[in-house]
Amino acid sequence: MIYNTLESPSASSGQKSVLGLTCEPIQYVRIGMIGLGVRAIRAVQRFMYMENVEISGLCDIVPLNVIQAREILIKYNKPEAKEYLGEEAWKTLCEREDIDLIYICTDWETHTPMATYAMECGKHVAVEVPAATTVSECWKLVDTAEKTQRHCMMLENCCYDAFELTTLNMAQQGLFGEILHAEGAYIHDLRERILSNEFGMRRGGNWQTQYNIEHTGNPYPTHGLGPICQVLNIHRGDKMNHLVSMSTKSVGMTLYAREVYGQDSPDAQYKYCLGDMNNTLIYTEKGKTILIQHDIFNPRPYSRIHLLNGTNGYTQKYPVKQFAFYPNSDYVLSVEEMNELLEKYKHPFLRDIGEKAEAVCGERARDFIMDYRLIYCLQNGLPLDQDVYDAAEWSSLVELTEISVKNSNIPVQIPDFTRGKWQELKGLNFAG
């Protein structure tokens, strides 16, 4: 029996699909930034290196964050941006007629309200991960995009990492045969960062920690899931049908806080609903399986796994990059052979903009490629690489995994956010 109490809403009159959505080209893209924390400040820096782009509005609830962004514009001799401060100031920014794109880097639970309001104001939207925290919010994103015919892109940067892009290119050229199983993850020991003063404030009681205190399942699935869904053509010829999710008990964060700050420390008193390790298994309409993991409370090296298992070949990225191909399945390519293969199948994005991306962002070159592609598609009136259905599908796991975990790991249906149109697009094609 598959659990399904989350009814899919019917489309309203005048609402139409945004699969392959194209809009009028925007030669000069004017951006309003909402939320100017670490990620947004990095984005402001990246936009300084792009042509025909202007940061026109800066919005935050912390004055110092706005000042920091303002100083970047001054440093690069860019036009002055209008500044907005306060809990509701973001609405005023969205309402401006001289803004084309709203770029949202706030806390998770404000992503959807801000994104939908911006689209209702006629703006295209780029929103940080996850784009939503409930299935209801996912539907709101889809419905609003379909009603307004505006772009809504989730800023899933891992889809633009070099290895993920190149193995996607390999998969699209048939190198792995038919891919039957894939694995992804967000395994990142964040315990020290959670309790540190790294970002100017003690994070033990911040919004992200509070979310992990109140919720279980996988609250951050998209880094591992996004690149895999692109490889498997999710809503472009296949769709995710249902999942089963289970979590271990939660002990890692509490034990760490006690060790670092002592038994009586306030940070040692938090009781986390989030299990240390979450495993989620997904089954697709075409009979493929996906395993997604999440662990931020244990001492494991960083990993997104990114494993592709096909009828003719296999690859994985972590803990070390590996390739193996039929008929020599037991032979793992040497470093030299692997590098030759990666160069041969290097994705066009990497050939076109990879060098500049590395010069600007170093090891975070994926962030530059992501923003560059967003701006390129807007300026040329092209469909975006990631659409609102991607945002909804990938983000829906936040609530769906929690439902499964809380109900003895029951299978849970994954909505079809395209409302039956998941076969209309024939594979993932990057425009331009």
# chains A, B, ... in the order shown; residues from 1 in each chain; ligands from 1
>>> residues_around(residues="Ile353 of chain A", least_positions_apart="4", cutoff="7 Å", atoms="only C-alpha atoms", output="PyMOL selection string")
chain A and resi 349+357+369
>>> residues_around(residues="His188 of chain A", least_positions_apart="2", cutoff="12 Å", atoms="only C-alpha atoms", output="MDAnalysis selection string")
chainID A and resid 185:186 190:194 220 223:224 276:277 293:305
>>> residues_around(residues="segment 147-155 of chain A", least_positions_apart="3", cutoff="7 Å", atoms="only C-alpha atoms", output="count of residues only")
21
>>> atom_distance(atom1="atom CA of Tyr326 of chain A", atom2="atom CA of Leu175 of chain A")
10.2 Å
>>> residues_around(residues="segment 27-40 of chain A", least_positions_apart="5", cutoff="8 Å", atoms="only C-alpha atoms", output="number ranges by chain")
A: 52-61, 65-66, 69, 90, 93-94, 98-106, 199, 375, 378-380
>>> write_last_selection(atoms="N, CA and C atoms", output="compact mmCIF listing (two decimals), in the first residue's frame")
# COMPACT_ATOMS: atom_id res chain seq x y z
N ASN A 52 25.99 43.07 -18.96
CA ASN A 52 24.57 43.45 -19.08
C ASN A 52 23.73 42.91 -17.92
N VAL A 53 24.32 43.00 -16.73
CA VAL A 53 23.64 42.59 -15.49
C VAL A 53 23.82 43.71 -14.48
N GLU A 54 22.77 44.02 -13.76
CA GLU A 54 22.85 45.06 -12.74
C GLU A 54 22.13 44.61 -11.47
N ILE A 55 22.78 44.75 -10.33
CA ILE A 55 22.12 44.55 -9.05
C ILE A 55 21.38 45.85 -8.73
N SER A 56 20.07 45.83 -8.83
CA SER A 56 19.28 47.05 -8.69
C SER A 56 18.67 47.22 -7.31
N GLY A 57 18.56 46.12 -6.54
CA GLY A 57 17.96 46.19 -5.22
C GLY A 57 18.61 45.23 -4.26
N LEU A 58 18.81 45.69 -3.02
CA LEU A 58 19.43 44.87 -1.96
C LEU A 58 18.50 44.88 -0.76
N CYS A 59 18.15 43.69 -0.27
CA CYS A 59 17.17 43.61 0.82
C CYS A 59 17.61 42.61 1.87
N ASP A 60 17.54 43.02 3.13
CA ASP A 60 17.85 42.12 4.25
C ASP A 60 17.23 42.71 5.52
N ILE A 61 17.18 41.91 6.57
CA ILE A 61 16.72 42.40 7.86
C ILE A 61 17.89 42.84 8.74
N ASN A 65 24.54 43.38 6.62
CA ASN A 65 24.55 42.58 5.39
C ASN A 65 24.36 43.46 4.16
N VAL A 66 23.47 44.42 4.27
CA VAL A 66 23.24 45.34 3.15
C VAL A 66 24.49 46.18 2.89
N ALA A 69 27.07 44.15 0.98
CA ALA A 69 26.75 44.03 -0.45
C ALA A 69 27.00 45.36 -1.17
N TRP A 90 10.95 43.15 1.54
CA TRP A 90 11.14 42.37 0.32
C TRP A 90 9.94 42.51 -0.63
N LEU A 93 10.42 45.53 -2.79
CA LEU A 93 11.40 45.25 -3.84
C LEU A 93 10.76 44.48 -4.98
N CYS A 94 9.95 43.47 -4.66
CA CYS A 94 9.29 42.67 -5.70
C CYS A 94 8.33 43.51 -6.53
N ASP A 98 11.03 48.14 -12.30
CA ASP A 98 12.32 48.10 -13.00
C ASP A 98 13.21 46.97 -12.49
N ILE A 99 12.60 45.84 -12.12
CA ILE A 99 13.32 44.64 -11.71
C ILE A 99 12.86 43.49 -12.60
N ASP A 100 13.81 42.70 -13.09
CA ASP A 100 13.49 41.56 -13.96
C ASP A 100 13.55 40.23 -13.22
N LEU A 101 14.50 40.11 -12.30
CA LEU A 101 14.77 38.84 -11.63
C LEU A 101 14.89 39.06 -10.13
N ILE A 102 14.15 38.27 -9.35
CA ILE A 102 14.30 38.27 -7.90
C ILE A 102 15.12 37.05 -7.51
N TYR A 103 16.20 37.29 -6.77
CA TYR A 103 17.17 36.26 -6.39
C TYR A 103 17.07 36.08 -4.88
N ILE A 104 16.58 34.91 -4.42
CA ILE A 104 16.19 34.71 -3.03
C ILE A 104 17.17 33.79 -2.31
N CYS A 105 17.77 34.30 -1.23
CA CYS A 105 18.73 33.53 -0.44
C CYS A 105 18.41 33.68 1.05
N THR A 106 17.17 33.43 1.42
CA THR A 106 16.73 33.57 2.80
C THR A 106 16.60 32.20 3.45
N PHE A 199 29.79 32.53 11.06
CA PHE A 199 29.07 33.51 10.26
C PHE A 199 28.59 34.69 11.09
N ILE A 375 21.46 33.77 -16.43
CA ILE A 375 21.45 35.07 -17.11
C ILE A 375 21.45 34.89 -18.63
N LEU A 378 17.94 34.00 -19.80
CA LEU A 378 17.05 35.16 -19.72
C LEU A 378 17.35 36.16 -20.82
N GLN A 379 18.62 36.40 -21.07
CA GLN A 379 18.99 37.39 -22.08
C GLN A 379 18.65 36.93 -23.50
N ASN A 380 18.58 35.63 -23.70
CA ASN A 380 18.33 35.10 -25.04
C ASN A 380 16.93 34.51 -25.20
>>> select_by_dssp(residues="segment 122-359 of chain A", states="strand (DSSP E or B)", output="MDAnalysis selection string")
chainID A and resid 124:127 152:154 179:187 234 238 240:247 278:284 289:295 303 307:310 313:316 322:325 328
>>> residues_around(residues="segment 225-233 of chain A", least_positions_apart="5", cutoff="7 Å", atoms="only C-alpha atoms", output="JSON, numbers by chain")
{"A": [158, 159, 164, 168, 171, 182, 184, 238, 292, 394, 427, 428]}
>>> select_by_dssp(residues="segment 45-96 of chain A", states="helix (DSSP H, G or I)", output="compact mmCIF listing (two decimals) with N, CA, C and O atoms, in the first residue's frame")
# COMPACT_ATOMS: atom_id res chain seq x y z
N GLN A 45 29.08 38.93 -5.75
CA GLN A 45 30.45 38.94 -6.29
C GLN A 45 30.48 38.36 -7.69
O GLN A 45 31.13 38.91 -8.59
N ARG A 46 29.77 37.26 -7.92
CA ARG A 46 29.80 36.62 -9.23
C ARG A 46 29.18 37.51 -10.30
O ARG A 46 29.68 37.57 -11.44
N PHE A 47 28.10 38.19 -9.96
CA PHE A 47 27.43 39.02 -10.96
C PHE A 47 28.29 40.21 -11.39
O PHE A 47 28.04 40.80 -12.45
N PRO A 63 21.15 45.24 8.82
CA PRO A 63 21.78 46.36 8.11
C PRO A 63 23.21 46.08 7.66
O PRO A 63 23.61 46.49 6.57
N LEU A 64 23.97 45.37 8.48
CA LEU A 64 25.37 45.10 8.14
C LEU A 64 25.48 44.28 6.85
O LEU A 64 26.41 44.47 6.07
N ASN A 65 24.54 43.38 6.62
CA ASN A 65 24.55 42.58 5.39
C ASN A 65 24.36 43.46 4.16
O ASN A 65 25.01 43.26 3.12
N VAL A 66 23.47 44.42 4.27
CA VAL A 66 23.24 45.34 3.15
C VAL A 66 24.49 46.18 2.89
O VAL A 66 24.88 46.40 1.74
N ILE A 67 25.12 46.61 3.95
CA ILE A 67 26.35 47.41 3.81
C ILE A 67 27.43 46.60 3.11
O ILE A 67 28.14 47.11 2.23
N GLN A 68 27.56 45.34 3.48
CA GLN A 68 28.58 44.48 2.87
C GLN A 68 28.33 44.33 1.37
O GLN A 68 29.27 44.41 0.57
N ALA A 69 27.07 44.15 0.98
CA ALA A 69 26.75 44.03 -0.45
C ALA A 69 27.00 45.36 -1.17
O ALA A 69 27.50 45.39 -2.30
N ARG A 70 26.63 46.46 -0.52
CA ARG A 70 26.84 47.78 -1.10
C ARG A 70 28.31 48.02 -1.39
O ARG A 70 28.68 48.56 -2.45
N GLU A 71 29.17 47.60 -0.48
CA GLU A 71 30.61 47.81 -0.66
C GLU A 71 31.17 47.04 -1.85
O GLU A 71 32.13 47.49 -2.49
N ILE A 72 30.57 45.90 -2.17
CA ILE A 72 31.00 45.16 -3.35
C ILE A 72 30.67 45.95 -4.62
O ILE A 72 31.49 46.07 -5.54
N LEU A 73 29.47 46.51 -4.67
CA LEU A 73 29.10 47.32 -5.83
C LEU A 73 30.02 48.52 -5.99
O LEU A 73 30.42 48.86 -7.12
N ILE A 74 30.37 49.14 -4.89
CA ILE A 74 31.28 50.29 -4.94
C ILE A 74 32.66 49.86 -5.43
O ILE A 74 33.27 50.52 -6.28
N LYS A 75 33.12 48.74 -4.92
CA LYS A 75 34.45 48.23 -5.30
C LYS A 75 34.56 48.02 -6.80
O LYS A 75 35.61 48.29 -7.41
N ALA A 89 10.10 44.37 3.86
CA ALA A 89 10.67 45.21 2.81
C ALA A 89 10.82 44.47 1.48
O ALA A 89 10.81 45.10 0.41
N TRP A 90 10.95 43.15 1.54
CA TRP A 90 11.14 42.37 0.32
C TRP A 90 9.94 42.51 -0.63
O TRP A 90 10.11 42.43 -1.86
N LYS A 91 8.76 42.73 -0.09
CA LYS A 91 7.58 42.90 -0.94
C LYS A 91 7.70 44.16 -1.79
O LYS A 91 7.36 44.16 -2.97
N THR A 92 8.19 45.23 -1.18
CA THR A 92 8.37 46.47 -1.92
C THR A 92 9.36 46.29 -3.06
O THR A 92 9.17 46.81 -4.17
N LEU A 93 10.42 45.53 -2.79
CA LEU A 93 11.40 45.25 -3.84
C LEU A 93 10.76 44.48 -4.98
O LEU A 93 10.97 44.80 -6.16
N CYS A 94 9.95 43.47 -4.66
CA CYS A 94 9.29 42.67 -5.70
C CYS A 94 8.33 43.51 -6.53
O CYS A 94 8.11 43.22 -7.72
N GLU A 95 7.76 44.52 -5.93
CA GLU A 95 6.75 45.33 -6.60
C GLU A 95 7.34 46.36 -7.56
O GLU A 95 6.60 46.97 -8.35
>>> residues_around(residues="Gly420 of chain A", least_positions_apart="5", cutoff="12 Å", atoms="only C-alpha atoms", output="list of chain:residue names")
A:Ser8, A:Ser10, A:Ala11, A:Ser17, A:Leu19, A:His235, A:Arg236, A:Gly237, A:Asp238, A:Lys239, A:Pro415, A:Leu425
>>> atom_distance(atom1="atom CA of Tyr3 of chain A", atom2="atom CA of Leu291 of chain A")
19.1 Å
>>> atom_distance(atom1="atom CA of Leu180 of chain A", atom2="atom CA of Arg373 of chain A")
29.1 Å
